[in-house]
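Undergrad: Coordinates in data_1.tsv, TSV, C-alpha atoms (C1' of nucleotides) and all ligand atoms, are listed below.
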```tsv
chain	number	residue	atom	x	y	z
A	179	MET	CA	-59.77	69.89	33.23
A	180	ASP	CA	-58.08	69.22	36.55
A	181	PRO	CA	-55.22	66.78	35.87
A	182	ILE	CA	-55.99	64.73	38.97
A	183	LYS	CA	-59.59	64.29	37.88
A	184	GLN	CA	-58.44	63.50	34.35
A	185	PHE	CA	-56.05	60.88	35.67
A	186	ASN	CA	-58.66	59.29	37.92
A	187	GLU	CA	-61.15	59.08	35.08
A	188	TYR	CA	-58.58	57.46	32.85
A	189	VAL	CA	-57.71	54.97	35.55
A	190	SER	CA	-61.31	53.88	36.11
A	191	ARG	CA	-62.13	53.85	32.40
A	192	LYS	CA	-59.23	51.50	31.77
A	193	GLY	CA	-59.94	49.29	34.76
A	194	LEU	CA	-56.67	50.28	36.43
A	195	LYS	CA	-56.24	50.72	40.14
A	196	ASN	CA	-55.63	53.65	42.43
A	197	THR	CA	-52.47	53.31	44.44
A	198	ASN	CA	-50.59	55.43	46.92
A	199	GLN	CA	-47.52	55.47	44.71
A	200	ARG	CA	-49.43	56.88	41.76
A	201	MET	CA	-50.94	59.64	43.85
A	202	ILE	CA	-47.60	60.57	45.38
A	203	ILE	CA	-45.89	60.61	42.00
A	204	LEU	CA	-48.71	62.63	40.46
A	205	GLU	CA	-48.60	65.27	43.18
A	206	THR	CA	-44.85	65.62	43.01
A	207	PHE	CA	-44.97	65.76	39.24
A	208	LEU	CA	-47.67	68.43	39.13
A	209	ALA	CA	-46.07	70.52	41.87
A	210	SER	CA	-43.04	71.15	39.73
A	211	GLU	CA	-42.50	73.52	36.87
A	212	SER	CA	-39.66	71.44	35.55
A	213	HIS	CA	-39.13	69.22	32.59
A	214	PHE	CA	-38.22	66.14	34.60
A	215	SER	CA	-36.42	63.05	33.41
A	216	THR	CA	-37.46	59.76	35.03
A	217	GLU	CA	-34.16	59.73	36.87
A	218	GLU	CA	-34.59	63.25	38.23
A	219	LEU	CA	-38.14	62.66	39.43
A	220	TYR	CA	-37.11	59.35	40.95
A	221	LEU	CA	-34.30	61.01	42.90
A	222	LYS	CA	-36.57	63.80	44.09
A	223	LEU	CA	-39.24	61.34	45.22
A	224	ARG	CA	-36.68	59.20	46.97
A	225	GLU	CA	-35.86	62.00	49.41
A	226	GLU	CA	-39.29	61.66	50.97
A	227	TYR	CA	-40.45	58.24	49.79
A	228	PRO	CA	-37.41	55.96	49.60
A	229	LYS	CA	-39.54	52.88	48.99
A	230	ILE	CA	-40.79	53.96	45.57
A	231	GLY	CA	-38.90	52.13	42.84
A	232	TYR	CA	-37.48	53.51	39.64
A	233	ALA	CA	-39.63	51.22	37.51
A	234	THR	CA	-42.79	52.51	39.16
A	235	VAL	CA	-41.81	56.11	38.50
A	236	HIS	CA	-41.08	55.25	34.91
A	237	ARG	CA	-44.31	53.34	34.35
A	238	THR	CA	-46.32	56.05	36.03
A	239	LEU	CA	-44.84	58.82	33.88
A	240	LYS	CA	-45.66	56.77	30.80
A	241	LEU	CA	-49.19	56.40	32.12
A	242	PHE	CA	-49.45	60.17	32.58
A	243	ALA	CA	-48.38	60.69	28.99
A	244	GLU	CA	-50.89	58.07	27.87
A	245	CYS	CA	-53.79	59.78	29.56
A	246	GLY	CA	-52.76	63.19	28.34
A	247	ILE	CA	-51.67	64.93	31.52
A	248	ALA	CA	-47.98	64.77	30.65
A	249	ALA	CA	-46.03	65.48	27.49
A	250	GLU	CA	-42.86	63.63	26.57
A	251	ARG	CA	-39.99	65.80	25.46
A	252	ASN	CA	-36.51	65.11	24.21
A	253	PHE	CA	-33.95	67.86	24.18
A	254	GLY	CA	-31.16	65.85	22.70
A	255	ASP	CA	-29.31	65.02	25.91
A	256	GLY	CA	-30.29	61.37	25.70
A	257	GLN	CA	-32.96	61.60	28.37
A	258	THR	CA	-36.71	61.61	27.88
A	259	ARG	CA	-38.30	64.40	29.87
A	260	PHE	CA	-41.88	64.86	30.99
A	261	GLU	CA	-43.79	68.04	31.68
A	262	PRO	CA	-47.33	68.60	32.95
A	263	VAL	CA	-49.85	69.49	30.24
A	264	HIS	CA	-52.22	72.30	31.11
A	265	GLY	CA	-55.31	72.31	28.94
A	266	GLU	CA	-54.95	72.52	25.19
A	267	GLU	CA	-52.11	75.01	25.09
A	268	HIS	CA	-49.09	74.25	22.99
A	269	HIS	CA	-45.60	75.62	23.34
A	270	ASP	CA	-42.12	75.12	22.00
A	271	HIS	CA	-38.75	75.49	23.74
A	272	LEU	CA	-35.57	77.48	24.00
A	273	VAL	CA	-32.87	75.30	25.56
A	274	CYS	CA	-29.65	76.72	26.96
A	275	THR	CA	-26.79	74.42	26.00
A	276	SER	CA	-24.65	75.78	28.81
A	277	CYS	CA	-26.81	75.74	31.96
A	278	GLY	CA	-29.77	73.65	30.80
A	279	LEU	CA	-32.32	76.42	31.32
A	280	ILE	CA	-35.53	75.78	29.43
A	281	ILE	CA	-37.75	78.65	28.32
A	282	GLU	CA	-41.17	77.98	26.83
A	283	PHE	CA	-42.65	80.08	24.07
A	284	GLU	CA	-45.61	80.24	21.75
A	285	GLU	CA	-45.39	81.81	18.32
A	286	PRO	CA	-48.65	81.48	16.38
A	287	GLN	CA	-47.07	82.80	13.20
A	288	ILE	CA	-44.57	79.94	13.20
A	289	GLU	CA	-47.38	77.47	13.77
A	290	LYS	CA	-49.25	78.91	10.80
A	291	LEU	CA	-46.21	78.77	8.56
A	292	GLN	CA	-45.70	75.14	9.51
A	293	GLU	CA	-49.18	74.40	8.25
A	294	SER	CA	-48.51	76.16	5.00
A	295	VAL	CA	-45.24	74.27	4.50
A	296	ALA	CA	-47.10	71.02	5.12
A	297	ALA	CA	-49.86	71.98	2.69
A	298	THR	CA	-47.27	72.67	-0.01
A	299	HIS	CA	-46.15	69.06	0.31
A	300	GLN	CA	-49.64	67.56	0.70
A	301	PHE	CA	-48.58	66.60	4.17
A	302	THR	CA	-50.89	66.26	7.18
A	303	ILE	CA	-49.21	67.36	10.41
A	304	GLU	CA	-49.99	65.29	13.49
A	305	ASN	CA	-47.45	66.94	15.74
A	306	HIS	CA	-44.19	68.76	15.61
A	307	ARG	CA	-41.12	69.70	17.56
A	308	LEU	CA	-39.34	72.98	17.51
A	309	GLU	CA	-36.40	73.60	19.77
A	310	LEU	CA	-33.99	76.51	19.67
A	311	TYR	CA	-30.64	75.64	21.24
A	312	GLY	CA	-28.11	78.23	22.32
A	313	LEU	CA	-27.15	80.46	25.21
A	314	CYS	CA	-29.47	82.16	27.63
A	315	ALA	CA	-28.74	85.77	28.57
A	316	ALA	CA	-26.85	84.84	31.74
A	317	CYS	CA	-24.62	82.26	30.05
A	318	ALA	CA	-23.94	84.55	27.10
A	319	ALA	CA	-22.87	87.28	29.53
A	320	ALA	CA	-20.66	84.87	31.52
A	321	ASP	CA	-19.05	83.79	28.28
A	322	GLN	CA	-17.50	87.19	27.62
B	188	MET	CA	-16.13	73.01	-0.68
B	189	ASP	CA	-15.89	69.45	-1.95
B	190	PRO	CA	-16.67	67.15	0.97
B	191	ILE	CA	-13.86	64.76	0.06
B	192	LYS	CA	-11.35	67.58	0.07
B	193	GLN	CA	-12.81	68.90	3.30
B	194	PHE	CA	-12.47	65.48	4.90
B	195	ASN	CA	-8.90	65.02	3.72
B	196	GLU	CA	-7.90	68.40	5.07
B	197	TYR	CA	-9.47	67.62	8.41
B	198	VAL	CA	-7.68	64.28	8.54
B	199	SER	CA	-4.24	65.77	7.87
B	200	ARG	CA	-4.81	68.75	10.15
B	201	LYS	CA	-5.65	66.39	13.02
B	202	GLY	CA	-2.82	63.97	12.30
B	203	LEU	CA	-5.24	61.18	11.43
B	204	LYS	CA	-4.63	58.61	8.73
B	205	ASN	CA	-6.16	57.87	5.39
B	206	THR	CA	-7.58	54.39	5.17
B	207	ASN	CA	-9.46	52.40	2.59
B	208	GLN	CA	-12.39	51.93	4.92
B	209	ARG	CA	-12.82	55.65	5.40
B	210	MET	CA	-12.77	56.31	1.68
B	211	ILE	CA	-15.26	53.55	0.96
B	212	ILE	CA	-17.59	54.73	3.70
B	213	LEU	CA	-17.30	58.33	2.55
B	214	GLU	CA	-18.14	57.50	-1.05
B	215	THR	CA	-21.12	55.37	-0.11
B	216	PHE	CA	-22.33	58.00	2.30
B	217	LEU	CA	-22.08	60.85	-0.20
B	218	ALA	CA	-23.64	58.82	-3.03
B	219	SER	CA	-26.90	58.54	-1.14
B	220	GLU	CA	-29.68	61.01	-0.69
B	221	SER	CA	-30.85	59.28	2.45
B	222	HIS	CA	-30.82	60.04	6.11
B	223	PHE	CA	-28.90	56.92	7.12
B	224	SER	CA	-28.65	55.38	10.53
B	225	THR	CA	-25.36	53.66	11.38
B	226	GLU	CA	-27.11	50.32	11.10
B	227	GLU	CA	-28.55	51.08	7.67
B	228	LEU	CA	-25.27	52.31	6.24
B	229	TYR	CA	-23.46	49.36	7.75
B	230	LEU	CA	-25.89	46.93	6.10
B	231	LYS	CA	-25.61	48.68	2.76
B	232	LEU	CA	-21.82	48.65	2.91
B	233	ARG	CA	-21.76	45.01	3.89
B	234	GLU	CA	-23.29	44.00	0.57
B	235	GLU	CA	-20.14	45.01	-1.22
B	236	TYR	CA	-17.56	45.17	1.57
B	237	PRO	CA	-18.40	42.47	4.09
B	238	LYS	CA	-15.15	43.00	6.01
B	239	ILE	CA	-16.05	46.48	7.25
B	240	GLY	CA	-17.15	46.38	10.88
B	241	TYR	CA	-20.02	48.15	12.52
B	242	ALA	CA	-17.74	50.04	14.90
B	243	THR	CA	-15.74	51.45	12.02
B	244	VAL	CA	-18.88	52.69	10.28
B	245	HIS	CA	-20.02	54.28	13.49
B	246	ARG	CA	-16.69	55.94	14.25
B	247	THR	CA	-16.38	57.18	10.71
B	248	LEU	CA	-19.83	58.77	10.68
B	249	LYS	CA	-18.98	60.54	13.93
B	250	LEU	CA	-15.81	61.74	12.29
B	251	PHE	CA	-17.78	63.07	9.33
B	252	ALA	CA	-20.02	65.00	11.69
B	253	GLU	CA	-16.98	66.31	13.53
B	254	CYS	CA	-15.39	67.69	10.40
B	255	GLY	CA	-18.64	69.18	9.17
B	256	ILE	CA	-19.46	67.05	6.15
B	257	ALA	CA	-22.31	65.21	7.91
B	258	ALA	CA	-25.18	66.38	10.08
B	259	GLU	CA	-26.60	64.27	12.87
B	260	ARG	CA	-30.37	64.01	12.97
B	261	ASN	CA	-32.80	62.38	15.30
B	262	PHE	CA	-36.36	61.84	14.21
B	263	GLY	CA	-37.56	60.26	17.41
B	264	ASP	CA	-37.34	56.61	16.34
B	265	GLY	CA	-34.44	55.94	18.67
B	266	GLN	CA	-31.84	55.97	15.92
B	267	THR	CA	-29.34	58.69	15.17
B	268	ARG	CA	-29.28	59.46	11.47
B	269	PHE	CA	-26.65	61.16	9.35
B	270	GLU	CA	-27.02	63.16	6.18
B	271	PRO	CA	-24.42	64.77	3.93
B	272	VAL	CA	-24.04	68.53	4.39
B	273	HIS	CA	-23.81	70.51	1.20
B	274	GLY	CA	-22.32	73.94	1.72
B	275	GLU	CA	-23.96	76.32	4.12
B	276	GLU	CA	-27.54	75.48	3.28
B	277	HIS	CA	-29.94	74.67	6.08
B	278	HIS	CA	-33.16	72.74	5.97
B	279	ASP	CA	-35.77	71.26	8.25
B	280	HIS	CA	-37.85	68.09	7.88
B	281	LEU	CA	-41.28	66.66	7.34
B	282	VAL	CA	-41.33	63.08	8.62
B	283	CYS	CA	-44.09	60.63	7.70
B	284	THR	CA	-44.96	58.60	10.78
B	285	SER	CA	-46.45	55.85	8.64
B	286	CYS	CA	-43.91	55.09	5.90
B	287	GLY	CA	-40.86	56.94	7.19
B	288	LEU	CA	-40.63	59.25	4.18
B	289	ILE	CA	-38.53	62.33	4.90
B	290	ILE	CA	-39.11	65.56	3.01
B	291	GLU	CA	-36.72	68.47	3.40
B	292	PHE	CA	-37.86	72.06	3.34
B	293	GLU	CA	-36.59	75.57	3.85
B	294	GLU	CA	-38.81	78.33	5.14
B	295	PRO	CA	-36.91	81.59	5.65
B	296	GLN	CA	-39.87	83.22	7.35
B	297	ILE	CA	-39.83	80.57	10.08
B	298	GLU	CA	-36.10	81.03	10.49
B	299	LYS	CA	-36.61	84.77	10.91
B	300	LEU	CA	-39.37	84.31	13.45
B	301	GLN	CA	-37.14	81.99	15.43
B	302	GLU	CA	-34.58	84.75	15.67
B	303	SER	CA	-37.19	87.20	16.85
B	304	VAL	CA	-38.45	84.77	19.50
B	305	ALA	CA	-34.88	84.30	20.69
B	306	ALA	CA	-34.29	88.04	20.80
B	307	THR	CA	-37.39	88.50	22.93
B	308	HIS	CA	-35.79	86.23	25.52
B	309	GLN	CA	-32.25	87.60	25.18
B	310	PHE	CA	-31.33	84.20	23.87
B	311	THR	CA	-28.54	83.50	21.37
B	312	ILE	CA	-29.44	80.67	18.99
B	313	GLU	CA	-26.63	78.28	18.11
B	314	ASN	CA	-28.78	75.78	16.28
B	315	HIS	CA	-32.29	74.48	16.19
B	316	ARG	CA	-34.45	71.59	15.18
B	317	LEU	CA	-37.81	71.74	13.55
B	318	GLU	CA	-39.58	68.58	12.54
B	319	LEU	CA	-43.16	68.22	11.38
B	320	TYR	CA	-44.50	64.72	11.96
B	321	GLY	CA	-47.58	63.37	10.26
B	322	LEU	CA	-48.77	61.64	7.10
B	323	CYS	CA	-47.43	62.12	3.62
B	324	ALA	CA	-49.92	62.37	0.77
B	325	ALA	CA	-49.68	58.68	-0.12
B	326	CYS	CA	-50.16	57.45	3.43
B	327	ALA	CA	-53.02	59.87	4.05
B	328	ALA	CA	-54.75	58.56	0.91
B	329	ALA	CA	-54.17	54.93	1.89
B	330	ASP	CA	-55.65	55.71	5.28
B	331	GLN	CA	-59.10	56.44	3.90
C	43	DC	C1'	-66.09	42.13	56.41
C	44	DT	C1'	-63.66	38.41	53.85
C	45	DA	C1'	-61.93	35.67	49.54
C	46	DG	C1'	-60.28	35.65	45.21
C	47	DA	C1'	-59.24	37.76	40.81
C	48	DA	C1'	-56.74	41.38	38.68
C	49	DA	C1'	-53.44	44.84	38.65
C	50	DA	C1'	-49.32	47.16	40.71
C	51	DT	C1'	-44.92	47.12	42.80
C	52	DG	C1'	-39.80	46.82	43.30
C	53	DA	C1'	-35.57	44.49	42.36
C	54	DA	C1'	-33.24	42.57	39.06
C	55	DA	C1'	-32.57	41.18	34.45
C	56	DA	C1'	-33.13	42.17	29.54
C	57	DC	C1'	-33.02	45.27	25.84
C	58	DG	C1'	-31.23	48.12	21.97
C	59	DA	C1'	-28.49	51.75	20.39
C	60	DT	C1'	-24.15	53.56	21.12
C	61	DT	C1'	-19.49	53.62	22.74
C	62	DT	C1'	-15.26	51.58	24.41
C	63	DT	C1'	-11.66	48.10	24.85
C	64	DC	C1'	-7.96	45.58	23.12
C	65	DA	C1'	-4.92	42.90	20.29
C	66	DG	C1'	-3.54	42.70	15.76
C	67	DA	C1'	-3.28	45.27	11.13
C	68	DA	C1'	-2.29	49.14	8.44
C	69	DG	C1'	-0.50	53.85	7.52
C	70	DC	C1'	3.09	57.19	7.84
C	71	DT	C1'	7.75	59.28	8.66
C	72	DA	C1'	12.48	59.25	8.49
D	170	DT	C1'	12.55	49.13	6.12
D	171	DA	C1'	12.00	50.23	11.09
D	172	DG	C1'	9.44	52.04	14.42
D	173	DC	C1'	5.86	54.67	16.08
D	174	DT	C1'	1.05	55.96	15.72
D	175	DT	C1'	-3.41	55.35	14.32
D	176	DC	C1'	-7.03	52.28	12.74
D	177	DT	C1'	-9.75	48.19	12.57
D	178	DG	C1'	-13.03	44.57	13.86
D	179	DA	C1'	-14.92	41.64	17.31
D	180	DA	C1'	-16.44	41.57	21.54
D	181	DA	C1'	-17.59	43.64	25.78
D	182	DA	C1'	-19.25	47.65	28.31
D	183	DT	C1'	-22.35	51.39	28.89
D	184	DC	C1'	-26.55	53.96	29.43
D	185	DG	C1'	-31.29	54.94	29.31
D	186	DT	C1'	-35.31	52.39	28.95
D	187	DT	C1'	-38.33	48.45	29.27
D	188	DT	C1'	-39.65	43.88	30.84
D	189	DT	C1'	-39.85	39.97	33.95
D	190	DC	C1'	-41.39	37.82	37.93
D	191	DA	C1'	-42.44	36.88	42.64
D	192	DT	C1'	-44.87	39.32	45.98
D	193	DT	C1'	-48.07	42.81	47.59
D	194	DT	C1'	-51.99	45.70	47.07
D	195	DT	C1'	-56.41	46.98	45.32
D	196	DC	C1'	-61.06	46.11	44.46
D	197	DT	C1'	-65.27	43.59	43.74
D	198	DA	C1'	-68.52	40.15	44.78
D	199	DG	C1'	-70.35	37.11	48.00
E	401	ZN	ZN	-45.09	74.71	17.98
E	402	ZN	ZN	-42.31	72.88	28.10
E	403	ZN	ZN	-34.70	75.69	10.30
E	404	ZN	ZN	-32.26	66.43	5.70
```
Once more with this new file: its structure as structure tokens, please.

TA:
Amino acid sequence: MDPIKQFNEYVSRKGLKNTNQRMIILETFLASESHFSTEELYLKLREEYPKIGYATVHRTLKLFAECGIAAERNFGDGQTRFEPVHGEEHHDHLVCTSCGLIIEFEEPQIEKLQESVAATHQFTIENHRLELYGLCAACAAADQ
Amino acid sequence: MDPIKQFNEYVSRKGLKNTNQRMIILETFLASESHFSTEELYLKLREEYPKIGYATVHRTLKLFAECGIAAERNFGDGQTRFEPVHGEEHHDHLVCTSCGLIIEFEEPQIEKLQESVAATHQFTIENHRLELYGLCAACAAADQ
DNA sequence: CTAGAAAATGAAAACGATTTTCAGAAGCTA
DNA sequence: TAGCTTCTGAAAATCGTTTTCATTTTCTAG
């Protein structure tokens, strides 16, 4: 479903209100491919909309996560990041520890093996995180 | 190698000093099977050694990680946890979101697939994290 | 259209885990 | 033992995140 529609439905279902700030933040958030931290999105927004406060950006990102159009991520640098969710797809991440590049990947065989590991321990998986940290091709080459 | 020996070698190599606190913390840390947070280890130590300060526990755990006898973990509850490292073995974790139970597992096939994913993207893996969150058998049963 | 209730905003303060500071204590070398 | 270095513990600082609160905005009902 269209994320904007999904957000609007969530807002009216919960008795929340439509505001300019939320629309601006949503558009900027969706327009990007990035895995934004609150800080980064706040700084980007500030270029064009200097009146929008940090707290509003933060609360709005949390709201996006709540209504399912954003996913929270944590790549171990002490910052929570958010990325737009498109449909039901799932992916995991390669994270370059040198330049910060993030590559997304899907590997159904790994997902299956996770289920079998869980089954072995009578464990019911609700969600998981898989991140591979290391050097991207460019950084590995520069390293030589 | 014996972790105590490994620690002592690291300490002398770096020109650090042997102290009672470090030995006490090391013994308590190694004696446990748990994935301790600084806070938890501090509280446990305080029962028997009320003079040891929080900062010392924290600095000492960081030192353990630095010299390779402890691994830092983060299971998304906002606390960094430490566990003893035994040899070269590697494992990943099942984490119960209800009771906090942590189960360790090794799945060589997943590890292999990770390498193949990385290769596909010309990516060199330095380390990775894989955590499966959900309900352990007991909590799933209690849920019914 | 209002008016009034409810929710949202932005600045600043509070929070919680982690890290640093600093003065005194302890360890090590000669 | 002297003297230099590191370590310790308490307290303060830091950093990302979250909350507070006075004010503004949205929205509904009259
Ligand atoms: Zn996955
Ligand atoms: Zn992603
Ligand atoms: Zn693994
Ligand atoms: Zn473990």

Undergrad: For DT177 (chain D), work out the shell of residues within 12 Å, counting all atoms listed in the file and skipping chain neighbours fewer than 5 positions away, then give it as a ChimeraX atom specification.

TA: /B:206-209,238-247 /C:64-69

Undergrad: Considering all atoms listed in the file, state which residue in the set A:Leu239, A:Thr258, A:Glu225, A:Ala209 is at the smallest distance from chain D.

TA: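 Checking each candidate against chain D, we get A:Thr258 as the closest.
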
Undergrad: At a cut-off of 10 Å around ligand ZN 403 (chain E), and using only C-alpha atoms (C1' of nucleotides) and all ligand atoms, what residues come up? Please write them as a PyMOL selection string.

TA: (chain A and resi 308-310) or (chain B and resi 277-280+292-299+301+314-318)

Undergrad: Using all atoms listed in the file, find each residue in chain D having at least one atom no more than 10 Å away from chain A; report its shortest atom-to-atom pair and that distance in Å (one decimal), rows by chain then rising number, as CSV.

TA:
```
residue,atom,partner,partner_atom,distance
D:DC184,C1',A:Gly256,CA,9.1
D:DG185,C1',A:Gln257,CA,6.9
D:DT186,C1',A:His236,CA,8.8
D:DT187,C1',A:Ala233,CA,8.8
D:DT188,C1',A:Ala233,CA,9.9
D:DT194,C1',A:Thr197,CA,8.1
D:DT195,C1',A:Lys195,CA,6.4
D:DC196,C1',A:Lys195,CA,7.9
```

Undergrad: Can I get the selection written as a PDB file, keeping the file's coordinate frame, with C-alpha atoms (C1' of nucleotides)?

TA:
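Result file part34.pdb:
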```pdb
ATOM      1  C1'  DC D 184     -26.550  53.960  29.430  1.00  0.00           C
ATOM      2  C1'  DG D 185     -31.290  54.940  29.310  1.00  0.00           C
ATOM      3  C1'  DT D 186     -35.310  52.390  28.950  1.00  0.00           C
ATOM      4  C1'  DT D 187     -38.330  48.450  29.270  1.00  0.00           C
ATOM      5  C1'  DT D 188     -39.650  43.880  30.840  1.00  0.00           C
ATOM      6  C1'  DT D 194     -51.990  45.700  47.070  1.00  0.00           C
ATOM      7  C1'  DT D 195     -56.410  46.980  45.320  1.00  0.00           C
ATOM      8  C1'  DC D 196     -61.060  46.110  44.460  1.00  0.00           C
TER       9       DC D 196
END
```

Undergrad: Name all residues at most 12 Å from DC190 (chain D) (count all atoms listed in the file; drop same-chain ones fewer than 5 positions away) and give them as a PDB file with C-alpha atoms (C1' of nucleotides), in the frame of the given file.

TA:
```pdb
ATOM      1  C1'  DT C  51     -44.920  47.120  42.800  1.00  0.00           C
ATOM      2  C1'  DG C  52     -39.800  46.820  43.300  1.00  0.00           C
ATOM      3  C1'  DA C  53     -35.570  44.490  42.360  1.00  0.00           C
ATOM      4  C1'  DA C  54     -33.240  42.570  39.060  1.00  0.00           C
ATOM      5  C1'  DA C  55     -32.570  41.180  34.450  1.00  0.00           C
TER       6       DA C  55
END
```

Undergrad: As a list in words, could you give me every residue of chain C near chain B (at most 10 Å apart, counting all atoms listed in the file)?

TA: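 In the required form, that comes to DG58, DA59, DT60, DT61, DT62, DA68, DG69 and DC70 of chain C.
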
Undergrad: Which of these residues is nearest to chain B, using all atoms listed in the file: A:His264, A:Lys222, A:Arg259, A:Arg251?

TA: A:Arg251

Undergrad: Just give me the gap between CA of Ala249 (chain A) and CA of Pro262 (chain A) in Å, one decimal is fine.

TA: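 Between these atoms lies a distance of 6.4 Å.
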
Undergrad: CA of Val263 (chain A) and CA of Gly246 (chain A), how far apart in Å?

TA: 7.2 Å

Undergrad: I'd like the interatomic distance between CA of Thr275 (chain A) and CA of Glu253 (chain B), to a tenth of an Å.

TA: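 CA of Thr275 (chain A) sits 17.8 Å away from CA of Glu253 (chain B).
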
Undergrad: For a quick check of your reading of the model, name the residues lying within 10 Å of the coordinate (-68.4, 37.7, 44.9), counting only C-alpha atoms (C1' of nucleotides), and write them as a ChimeraX atom specification.

TA: /C:45-46 /D:197-199
